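As stored in data-v3.tsv (TSV, N, CA and C atoms and all ligand atoms):
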```tsv
chain	number	residue	atom	x	y	z
A	1	MET	N	-4.62	13.24	22.76
A	1	MET	CA	-4.58	12.21	21.70
A	1	MET	C	-5.11	12.79	20.39
A	2	ASP	N	-6.21	13.54	20.48
A	2	ASP	CA	-6.78	14.17	19.28
A	2	ASP	C	-5.76	15.06	18.58
A	3	ASP	N	-4.97	15.79	19.38
A	3	ASP	CA	-4.00	16.71	18.79
A	3	ASP	C	-3.01	15.99	17.89
A	4	LEU	N	-2.62	14.80	18.32
A	4	LEU	CA	-1.68	14.00	17.55
A	4	LEU	C	-2.25	13.69	16.17
A	5	TYR	N	-3.51	13.29	16.17
A	5	TYR	CA	-4.16	12.94	14.90
A	5	TYR	C	-4.39	14.18	14.04
A	6	ARG	N	-4.74	15.27	14.69
A	6	ARG	CA	-4.92	16.52	13.94
A	6	ARG	C	-3.62	16.91	13.26
A	7	GLU	N	-2.51	16.76	13.97
A	7	GLU	CA	-1.21	17.08	13.39
A	7	GLU	C	-0.90	16.16	12.22
A	8	LEU	N	-1.25	14.89	12.39
A	8	LEU	CA	-1.02	13.91	11.32
A	8	LEU	C	-1.81	14.30	10.07
A	9	ILE	N	-3.05	14.70	10.27
A	9	ILE	CA	-3.89	15.11	9.14
A	9	ILE	C	-3.32	16.35	8.46
A	10	LEU	N	-2.89	17.30	9.26
A	10	LEU	CA	-2.30	18.52	8.72
A	10	LEU	C	-1.01	18.22	7.95
A	11	ASP	N	-0.25	17.29	8.49
A	11	ASP	CA	1.01	16.91	7.84
A	11	ASP	C	0.74	16.27	6.47
A	12	HIS	N	-0.24	15.38	6.42
A	12	HIS	CA	-0.59	14.75	5.13
A	12	HIS	C	-1.15	15.78	4.16
A	13	TYR	N	-1.89	16.75	4.69
A	13	TYR	CA	-2.46	17.80	3.85
A	13	TYR	C	-1.36	18.66	3.23
A	14	GLN	N	-0.38	18.99	4.05
A	14	GLN	CA	0.70	19.87	3.58
A	14	GLN	C	1.74	19.13	2.75
A	15	HIS	N	1.93	17.85	3.08
A	15	HIS	CA	2.92	17.04	2.34
A	15	HIS	C	2.26	15.75	1.91
A	16	PRO	N	1.34	15.82	0.94
A	16	PRO	CA	0.58	14.61	0.58
A	16	PRO	C	1.46	13.52	-0.02
A	17	HIS	N	1.15	12.30	0.37
A	17	HIS	CA	1.84	11.14	-0.21
A	17	HIS	C	1.12	10.74	-1.51
A	18	ASN	N	1.86	10.14	-2.40
A	18	ASN	CA	1.27	9.59	-3.65
A	18	ASN	C	0.49	10.64	-4.43
A	19	HIS	N	0.99	11.85	-4.44
A	19	HIS	CA	0.28	12.91	-5.15
A	19	HIS	C	0.74	12.96	-6.60
A	20	GLY	N	-0.21	13.06	-7.52
A	20	GLY	CA	0.13	13.15	-8.94
A	20	GLY	C	-0.85	12.35	-9.76
A	21	GLU	N	-0.44	12.03	-10.99
A	21	GLU	CA	-1.30	11.26	-11.88
A	21	GLU	C	-0.48	10.16	-12.53
A	22	ILE	N	-1.17	9.09	-12.94
A	22	ILE	CA	-0.52	8.00	-13.67
A	22	ILE	C	-1.13	8.00	-15.07
A	23	PRO	N	-0.32	8.40	-16.08
A	23	PRO	CA	-0.89	8.55	-17.43
A	23	PRO	C	-1.46	7.25	-18.00
A	24	ASP	N	-0.83	6.10	-17.69
A	24	ASP	CA	-1.31	4.84	-18.25
A	24	ASP	C	-1.96	3.97	-17.17
A	25	ALA	N	-2.70	4.63	-16.28
A	25	ALA	CA	-3.35	3.91	-15.18
A	25	ALA	C	-4.36	2.89	-15.70
A	26	ASP	N	-4.54	1.81	-14.94
A	26	ASP	CA	-5.55	0.80	-15.29
A	26	ASP	C	-6.93	1.24	-14.81
A	27	ILE	N	-6.94	1.96	-13.70
A	27	ILE	CA	-8.21	2.44	-13.14
A	27	ILE	C	-8.07	3.93	-12.87
A	28	THR	N	-8.97	4.70	-13.39
A	28	THR	CA	-8.99	6.13	-13.11
A	28	THR	C	-10.42	6.52	-12.78
A	29	TYR	N	-10.57	7.27	-11.70
A	29	TYR	CA	-11.91	7.73	-11.38
A	29	TYR	C	-11.80	9.04	-10.62
A	30	GLU	N	-12.78	9.88	-10.78
A	30	GLU	CA	-12.80	11.09	-9.98
A	30	GLU	C	-14.22	11.45	-9.59
A	31	ASP	N	-14.31	12.11	-8.47
A	31	ASP	CA	-15.61	12.53	-7.99
A	31	ASP	C	-15.41	13.76	-7.10
A	32	SER	N	-16.51	14.38	-6.76
A	32	SER	CA	-16.40	15.57	-5.93
A	32	SER	C	-17.44	15.53	-4.82
A	33	ASN	N	-17.19	16.34	-3.84
A	33	ASN	CA	-18.12	16.49	-2.74
A	33	ASN	C	-18.62	17.94	-2.78
A	34	PRO	N	-19.76	18.15	-3.44
A	34	PRO	CA	-20.21	19.52	-3.67
A	34	PRO	C	-20.47	20.30	-2.38
A	35	LEU	N	-20.75	19.60	-1.28
A	35	LEU	CA	-21.03	20.28	-0.02
A	35	LEU	C	-19.83	21.08	0.46
A	36	CYS	N	-18.64	20.58	0.14
A	36	CYS	CA	-17.43	21.22	0.66
A	36	CYS	C	-16.55	21.74	-0.47
A	37	GLY	N	-16.80	21.27	-1.70
A	37	GLY	CA	-15.97	21.68	-2.83
A	37	GLY	C	-14.75	20.80	-3.02
A	38	ASP	N	-14.71	19.65	-2.36
A	38	ASP	CA	-13.57	18.74	-2.49
A	38	ASP	C	-13.65	18.00	-3.82
A	39	LYS	N	-12.48	17.83	-4.44
A	39	LYS	CA	-12.38	17.04	-5.67
A	39	LYS	C	-11.24	16.06	-5.49
A	40	ILE	N	-11.50	14.80	-5.84
A	40	ILE	CA	-10.45	13.79	-5.75
A	40	ILE	C	-10.43	12.97	-7.04
A	41	ARG	N	-9.24	12.79	-7.59
A	41	ARG	CA	-9.06	11.86	-8.71
A	41	ARG	C	-8.04	10.82	-8.25
A	42	ILE	N	-8.34	9.57	-8.55
A	42	ILE	CA	-7.43	8.50	-8.17
A	42	ILE	C	-7.02	7.74	-9.43
A	43	ASP	N	-5.74	7.50	-9.60
A	43	ASP	CA	-5.21	6.66	-10.67
A	43	ASP	C	-4.58	5.44	-10.04
A	44	ILE	N	-4.95	4.26	-10.52
A	44	ILE	CA	-4.42	3.02	-9.95
A	44	ILE	C	-3.82	2.17	-11.06
A	45	LYS	N	-2.64	1.66	-10.78
A	45	LYS	CA	-1.97	0.74	-11.70
A	45	LYS	C	-1.99	-0.64	-11.04
A	46	THR	N	-2.40	-1.65	-11.78
A	46	THR	CA	-2.46	-2.99	-11.19
A	46	THR	C	-1.67	-3.98	-12.03
A	47	GLU	N	-1.27	-5.06	-11.36
A	47	GLU	CA	-0.63	-6.17	-12.04
A	47	GLU	C	-1.17	-7.43	-11.38
A	48	ASN	N	-1.74	-8.32	-12.17
A	48	ASN	CA	-2.38	-9.53	-11.63
A	48	ASN	C	-3.34	-9.21	-10.49
A	49	ASN	N	-4.13	-8.15	-10.66
A	49	ASN	CA	-5.14	-7.79	-9.67
A	49	ASN	C	-4.58	-7.24	-8.37
A	50	VAL	N	-3.30	-6.89	-8.35
A	50	VAL	CA	-2.71	-6.29	-7.15
A	50	VAL	C	-2.25	-4.88	-7.51
A	51	VAL	N	-2.49	-3.95	-6.60
A	51	VAL	CA	-2.12	-2.56	-6.84
A	51	VAL	C	-0.60	-2.40	-6.75
A	52	THR	N	0.00	-1.92	-7.84
A	52	THR	CA	1.45	-1.70	-7.85
A	52	THR	C	1.78	-0.21	-7.71
A	53	ASP	N	0.85	0.64	-8.08
A	53	ASP	CA	1.09	2.08	-7.94
A	53	ASP	C	-0.25	2.80	-7.85
A	54	VAL	N	-0.27	3.86	-7.08
A	54	VAL	CA	-1.50	4.64	-6.97
A	54	VAL	C	-1.13	6.10	-6.75
A	55	LYS	N	-1.86	6.97	-7.41
A	55	LYS	CA	-1.64	8.41	-7.23
A	55	LYS	C	-3.00	9.10	-7.11
A	56	PHE	N	-3.00	10.18	-6.36
A	56	PHE	CA	-4.23	10.96	-6.31
A	56	PHE	C	-3.93	12.42	-6.62
A	57	SER	N	-4.93	13.09	-7.12
A	57	SER	CA	-4.83	14.52	-7.30
A	57	SER	C	-6.18	15.11	-6.95
A	58	GLY	N	-6.20	16.39	-6.75
A	58	GLY	CA	-7.46	17.02	-6.40
A	58	GLY	C	-7.23	18.22	-5.53
A	59	LYS	N	-8.32	18.77	-5.06
A	59	LYS	CA	-8.20	19.90	-4.16
A	59	LYS	C	-9.36	19.86	-3.18
A	60	GLY	N	-9.21	20.59	-2.11
A	60	GLY	CA	-10.28	20.60	-1.13
A	60	GLY	C	-9.73	20.80	0.26
A	61	CYS	N	-10.55	20.46	1.24
A	61	CYS	CA	-10.19	20.71	2.63
A	61	CYS	C	-9.13	19.74	3.11
A	62	ALA	N	-8.57	20.03	4.27
A	62	ALA	CA	-7.50	19.21	4.84
A	62	ALA	C	-7.96	17.77	5.05
A	63	VAL	N	-9.20	17.58	5.50
A	63	VAL	CA	-9.67	16.23	5.81
A	63	VAL	C	-9.74	15.38	4.54
A	64	SER	N	-10.29	15.93	3.46
A	64	SER	CA	-10.42	15.14	2.23
A	64	SER	C	-9.05	14.82	1.63
A	65	GLN	N	-8.16	15.78	1.63
A	65	GLN	CA	-6.85	15.57	1.01
A	65	GLN	C	-5.98	14.65	1.87
A	66	ALA	N	-6.05	14.81	3.19
A	66	ALA	CA	-5.28	13.94	4.08
A	66	ALA	C	-5.81	12.51	4.01
A	67	SER	N	-7.11	12.37	3.91
A	67	SER	CA	-7.71	11.04	3.81
A	67	SER	C	-7.22	10.35	2.54
A	68	ALA	N	-7.16	11.09	1.43
A	68	ALA	CA	-6.67	10.53	0.17
A	68	ALA	C	-5.21	10.13	0.29
A	69	SER	N	-4.42	10.98	0.92
A	69	SER	CA	-2.99	10.71	1.09
A	69	SER	C	-2.78	9.44	1.93
A	70	MET	N	-3.49	9.35	3.04
A	70	MET	CA	-3.33	8.21	3.94
A	70	MET	C	-3.88	6.93	3.31
A	71	LEU	N	-5.01	7.06	2.64
A	71	LEU	CA	-5.66	5.88	2.05
A	71	LEU	C	-4.83	5.31	0.90
A	72	THR	N	-4.26	6.19	0.08
A	72	THR	CA	-3.45	5.69	-1.04
A	72	THR	C	-2.21	4.95	-0.51
A	73	ASP	N	-1.67	5.41	0.63
A	73	ASP	CA	-0.56	4.68	1.26
A	73	ASP	C	-0.95	3.23	1.56
A	74	GLU	N	-2.21	3.03	1.93
A	74	GLU	CA	-2.68	1.70	2.33
A	74	GLU	C	-2.92	0.79	1.13
A	75	LEU	N	-3.08	1.37	-0.05
A	75	LEU	CA	-3.53	0.56	-1.19
A	75	LEU	C	-2.44	-0.25	-1.86
A	76	ILE	N	-1.21	0.27	-1.83
A	76	ILE	CA	-0.14	-0.41	-2.56
A	76	ILE	C	0.09	-1.80	-1.97
A	77	GLY	N	0.07	-2.79	-2.84
A	77	GLY	CA	0.26	-4.17	-2.41
A	77	GLY	C	-1.03	-4.90	-2.09
A	78	LYS	N	-2.15	-4.16	-2.05
A	78	LYS	CA	-3.43	-4.81	-1.78
A	78	LYS	C	-4.04	-5.32	-3.09
A	79	SER	N	-4.81	-6.38	-2.98
A	79	SER	CA	-5.52	-6.88	-4.15
A	79	SER	C	-6.82	-6.09	-4.33
A	80	ILE	N	-7.35	-6.16	-5.54
A	80	ILE	CA	-8.61	-5.46	-5.83
A	80	ILE	C	-9.72	-5.97	-4.90
A	81	ASP	N	-9.71	-7.28	-4.63
A	81	ASP	CA	-10.72	-7.84	-3.71
A	81	ASP	C	-10.60	-7.23	-2.32
A	82	GLU	N	-9.36	-7.08	-1.85
A	82	GLU	CA	-9.16	-6.48	-0.53
A	82	GLU	C	-9.66	-5.04	-0.50
A	83	ILE	N	-9.42	-4.32	-1.59
A	83	ILE	CA	-9.86	-2.93	-1.66
A	83	ILE	C	-11.38	-2.84	-1.65
A	84	ARG	N	-12.01	-3.80	-2.31
A	84	ARG	CA	-13.48	-3.81	-2.32
A	84	ARG	C	-14.05	-3.98	-0.92
A	85	LYS	N	-13.26	-4.60	-0.03
A	85	LYS	CA	-13.76	-4.86	1.33
A	85	LYS	C	-13.50	-3.70	2.29
A	86	LEU	N	-12.69	-2.72	1.88
A	86	LEU	CA	-12.45	-1.57	2.77
A	86	LEU	C	-13.78	-0.85	3.01
A	87	ASP	N	-13.99	-0.47	4.27
A	87	ASP	CA	-15.25	0.21	4.57
A	87	ASP	C	-15.01	1.55	5.26
A	88	LYS	N	-16.11	2.19	5.54
A	88	LYS	CA	-16.05	3.50	6.18
A	88	LYS	C	-15.24	3.48	7.46
A	89	GLN	N	-15.47	2.43	8.26
A	89	GLN	CA	-14.82	2.35	9.56
A	89	GLN	C	-13.30	2.34	9.41
A	90	PHE	N	-12.83	1.68	8.34
A	90	PHE	CA	-11.39	1.63	8.08
A	90	PHE	C	-10.83	3.05	7.93
A	91	VAL	N	-11.55	3.88	7.19
A	91	VAL	CA	-11.10	5.25	6.96
A	91	VAL	C	-11.20	6.07	8.25
A	92	LEU	N	-12.30	5.89	8.98
A	92	LEU	CA	-12.48	6.67	10.21
A	92	LEU	C	-11.43	6.30	11.25
A	93	ASP	N	-11.12	4.99	11.34
A	93	ASP	CA	-10.06	4.55	12.26
A	93	ASP	C	-8.70	5.12	11.83
A	94	MET	N	-8.49	5.15	10.52
A	94	MET	CA	-7.24	5.64	9.97
A	94	MET	C	-7.04	7.11	10.33
A	95	LEU	N	-8.10	7.90	10.23
A	95	LEU	CA	-8.00	9.33	10.53
A	95	LEU	C	-7.93	9.58	12.03
A	96	GLY	N	-8.66	8.77	12.78
A	96	GLY	CA	-8.50	8.75	14.23
A	96	GLY	C	-9.09	9.90	15.02
A	97	ILE	N	-9.82	10.81	14.38
A	97	ILE	CA	-10.47	11.87	15.14
A	97	ILE	C	-11.97	11.83	14.89
A	98	PRO	N	-12.75	12.24	15.89
A	98	PRO	CA	-14.20	12.28	15.69
A	98	PRO	C	-14.56	13.33	14.65
A	99	LEU	N	-15.44	12.97	13.72
A	99	LEU	CA	-15.81	13.89	12.65
A	99	LEU	C	-17.32	14.06	12.62
A	100	GLY	N	-17.79	15.26	12.43
A	100	GLY	CA	-19.22	15.51	12.27
A	100	GLY	C	-19.69	15.02	10.91
A	101	PRO	N	-21.01	15.00	10.69
A	101	PRO	CA	-21.58	14.45	9.45
A	101	PRO	C	-21.03	15.11	8.18
A	102	THR	N	-20.78	16.41	8.23
A	102	THR	CA	-20.27	17.11	7.04
A	102	THR	C	-18.84	16.68	6.74
A	103	ARG	N	-18.03	16.60	7.79
A	103	ARG	CA	-16.63	16.22	7.64
A	103	ARG	C	-16.48	14.76	7.24
A	104	ILE	N	-17.44	13.93	7.67
A	104	ILE	CA	-17.37	12.52	7.31
A	104	ILE	C	-17.45	12.37	5.79
A	105	LYS	N	-18.28	13.18	5.15
A	105	LYS	CA	-18.36	13.14	3.68
A	105	LYS	C	-17.01	13.49	3.05
A	106	CYS	N	-16.32	14.44	3.64
A	106	CYS	CA	-14.99	14.82	3.16
A	106	CYS	C	-14.03	13.65	3.33
A	107	ALA	N	-14.07	13.04	4.52
A	107	ALA	CA	-13.15	11.95	4.84
A	107	ALA	C	-13.37	10.75	3.94
A	108	LEU	N	-14.63	10.51	3.56
A	108	LEU	CA	-14.96	9.30	2.81
A	108	LEU	C	-14.90	9.47	1.30
A	109	LEU	N	-14.74	10.71	0.84
A	109	LEU	CA	-14.70	10.93	-0.61
A	109	LEU	C	-13.62	10.09	-1.31
A	110	PRO	N	-12.38	10.06	-0.79
A	110	PRO	CA	-11.38	9.24	-1.48
A	110	PRO	C	-11.76	7.76	-1.56
A	111	LEU	N	-12.33	7.21	-0.49
A	111	LEU	CA	-12.76	5.81	-0.51
A	111	LEU	C	-13.86	5.61	-1.54
A	112	LYS	N	-14.78	6.57	-1.60
A	112	LYS	CA	-15.86	6.51	-2.56
A	112	LYS	C	-15.31	6.46	-3.99
A	113	VAL	N	-14.32	7.31	-4.26
A	113	VAL	CA	-13.70	7.35	-5.59
A	113	VAL	C	-12.99	6.03	-5.90
A	114	ILE	N	-12.26	5.52	-4.91
A	114	ILE	CA	-11.53	4.27	-5.10
A	114	ILE	C	-12.49	3.11	-5.35
A	115	LYS	N	-13.55	3.07	-4.54
A	115	LYS	CA	-14.54	1.99	-4.69
A	115	LYS	C	-15.22	2.07	-6.05
A	116	ALA	N	-15.60	3.28	-6.45
A	116	ALA	CA	-16.25	3.44	-7.75
A	116	ALA	C	-15.29	2.99	-8.84
A	117	GLY	N	-14.01	3.31	-8.67
A	117	GLY	CA	-13.01	2.90	-9.66
A	117	GLY	C	-12.86	1.39	-9.74
A	118	VAL	N	-12.75	0.72	-8.59
A	118	VAL	CA	-12.52	-0.73	-8.63
A	118	VAL	C	-13.79	-1.51	-8.99
A	119	TYR	N	-14.93	-0.93	-8.68
A	119	TYR	CA	-16.17	-1.61	-9.08
A	119	TYR	C	-16.57	-1.25	-10.51
A	120	GLY	N	-15.99	-0.15	-11.02
A	120	GLY	CA	-16.33	0.30	-12.35
A	120	GLY	C	-17.76	0.82	-12.44
A	121	ILE	N	-18.28	1.22	-11.30
A	121	ILE	CA	-19.64	1.76	-11.28
A	121	ILE	C	-19.64	3.04	-10.46
A	122	THR	N	-20.70	3.77	-10.54
A	122	THR	CA	-20.71	5.06	-9.87
A	122	THR	C	-21.56	5.08	-8.60
A	123	THR	N	-22.29	4.01	-8.35
A	123	THR	CA	-23.04	3.98	-7.09
A	123	THR	C	-22.21	3.26	-6.04
A	124	TRP	N	-22.35	3.71	-4.85
A	124	TRP	CA	-21.52	3.19	-3.77
A	124	TRP	C	-22.32	2.19	-2.96
A	125	PRO	N	-21.87	0.95	-2.88
A	125	PRO	CA	-22.66	-0.08	-2.20
A	125	PRO	C	-22.98	0.25	-0.74
A	126	ASP	N	-22.14	1.05	-0.09
A	126	ASP	CA	-22.37	1.34	1.33
A	126	ASP	C	-23.27	2.55	1.54
A	127	GLU	N	-23.73	3.14	0.48
A	127	GLU	CA	-24.44	4.43	0.58
A	127	GLU	C	-25.69	4.36	1.45
A	128	GLU	N	-26.36	3.21	1.45
A	128	GLU	CA	-27.66	3.17	2.12
A	128	GLU	C	-27.60	3.34	3.63
A	129	ASP	N	-26.45	3.06	4.25
A	129	ASP	CA	-26.41	3.24	5.69
A	129	ASP	C	-25.98	4.66	6.11
A	130	GLU	N	-25.99	5.57	5.15
A	130	GLU	CA	-25.65	6.95	5.45
A	130	GLU	C	-26.79	7.63	6.20
A	131	GLU	N	-26.40	8.50	7.12
A	131	GLU	CA	-27.42	9.20	7.90
A	131	GLU	C	-28.19	10.17	7.02
B	1	ZN	ZN	-14.08	18.80	2.64
```
Taking this structure as input, can you express it in the form of structure tokens?
Ligand code: ZN
Amino acid sequence: MDDLYRELILDHYQHPHNHGEIPDADITYEDSNPLCGDKIRIDIKTENNVVTDVKFSGKGCAVSQASASMLTDELIGKSIDEIRKLDKQFVLDMLGIPLGPTRIKCALLPLKVIKAGVYGITTWPDEEDEE
């Protein structure tokens, strides 16, 4: 079962979905994970508080880039309120493989960027339950 998910992650890494930038985005945010060198930028276009387009760019390990690719797929059609409710578990379930503490930071970087973008702040409300 793990192999299936590993392949899925590799596939998203090699052929990322929603890759690029939106010049007139309503929400743009970027952040990095210095532990691994991952960088993620997310551009979101909204209409009436619903995501109509989303693109990501960045570089880094397979886990961070695949997580961004898979997560951006989930965002289109969601409201900003729904995005605010996405949590770590959503991302971990989406990736589907057990990740060590270092890799979890890679996996969660795109969510962190998206949350910071939709909240318009740089602190992450879920940060306190981090190990
Ligand atoms: Zn990484």
Exercise for review: List all protein, DNA and RNA residues that have any atom at most 6.5 Å from ligand ZN 1 (chain B), counting only N, CA and C atoms and all ligand atoms, and write the list as a VMD selection string.
Suggested key: chain A and resid 36 to 38 60 to 64 103 105 to 107
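With only N, CA and C atoms as the basis for measurement, A:Leu109 is the residue among A:Ile9, A:Leu109, A:Ala68, A:Val118 that approaches Asp31 (chain A) most closely.
Each of A:Val51, A:Leu99, A:Leu35, A:Leu111 was checked against Leu71 (chain A) using only N, CA and C atoms; the smallest atom-to-atom distance is that of A:Leu111.
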Cut-off 7 Å: closest region 59-112 of chain A/region 10-26 of chain A atom pairs per residue, using only C-alpha atoms, as a Markdown table:
```
| residue | atom | partner | partner_atom | distance |
| --- | --- | --- | --- | --- |
| A:Ala62 | CA | A:Tyr13 | CA | 5.3 |
| A:Gln65 | CA | A:Tyr13 | CA | 5.7 |
| A:Ala66 | CA | A:Tyr13 | CA | 4.8 |
| A:Ser69 | CA | A:His17 | CA | 5.0 |
| A:Thr72 | CA | A:Asn18 | CA | 6.7 |
```
Include N, CA and C atoms and write out the residues we just selected as a tab-separated table (two decimals), in the frame of the given file.
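What ended up in out29.tsv:
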```tsv
chain	number	residue	atom	x	y	z
A	62	ALA	N	-8.57	20.03	4.27
A	62	ALA	CA	-7.50	19.21	4.84
A	62	ALA	C	-7.96	17.77	5.05
A	65	GLN	N	-8.16	15.78	1.63
A	65	GLN	CA	-6.85	15.57	1.01
A	65	GLN	C	-5.98	14.65	1.87
A	66	ALA	N	-6.05	14.81	3.19
A	66	ALA	CA	-5.28	13.94	4.08
A	66	ALA	C	-5.81	12.51	4.01
A	69	SER	N	-4.42	10.98	0.92
A	69	SER	CA	-2.99	10.71	1.09
A	69	SER	C	-2.78	9.44	1.93
A	72	THR	N	-4.26	6.19	0.08
A	72	THR	CA	-3.45	5.69	-1.04
A	72	THR	C	-2.21	4.95	-0.51
```
Practice item. Enumerate the residues of chain A with a DSSP assignment of helix (DSSP H, G or I), computed from the backbone, and present them as a ChimeraX atom specification. Key: /A:2-14,62-75,80-85,88-95,101-119,127-129
Review point. Which residue out of A:Lys112, A:Lys55, A:Lys45, A:Lys85 has the minimum interatomic distance to Asp73 (chain A) when only C-alpha atoms are used?
Key: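 When distances to Asp73 (chain A) are compared using only C-alpha atoms, the smallest one comes from A:Lys55.
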Practice item. Extract, using all atoms listed in the file, all DNA, RNA and protein residues at most 6 Å from region 52-54 of chain A, discarding same-chain residues fewer than 6 positions from it, and format them as a list in words. Key: Asn18, Asp43, Ile44, Lys45, Thr46, Ile76 and Gly77 of chain A
Point to revise | Every residue of chain A that DSSP places in strand (DSSP E or B), as a PyMOL selection string | key: chain A and resi 19+27-33+38-47+50-59+79
Point to revise | Gap from CA of Asp2 (chain A) to CA of Gly96 (chain A) - Å, one decimal | key: 7.6 Å
Review point. Within 12 Å of Tyr119 (chain A), counting only C-alpha atoms, which residues qualify if same-chain residues fewer than 4 places away don't, as an MDAnalysis selection string?
Key: chainID A and resid 27:29 80:81 83:85 111:115 123:125
Review point. Using all atoms listed in the file, which of A:Pro34, A:Ser79, A:Gln89, A:Ile97 sits nearest Asn48 (chain A)?
Key: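 Once distances to Asn48 (chain A) are computed over all atoms listed in the file, the minimum belongs to A:Ser79.
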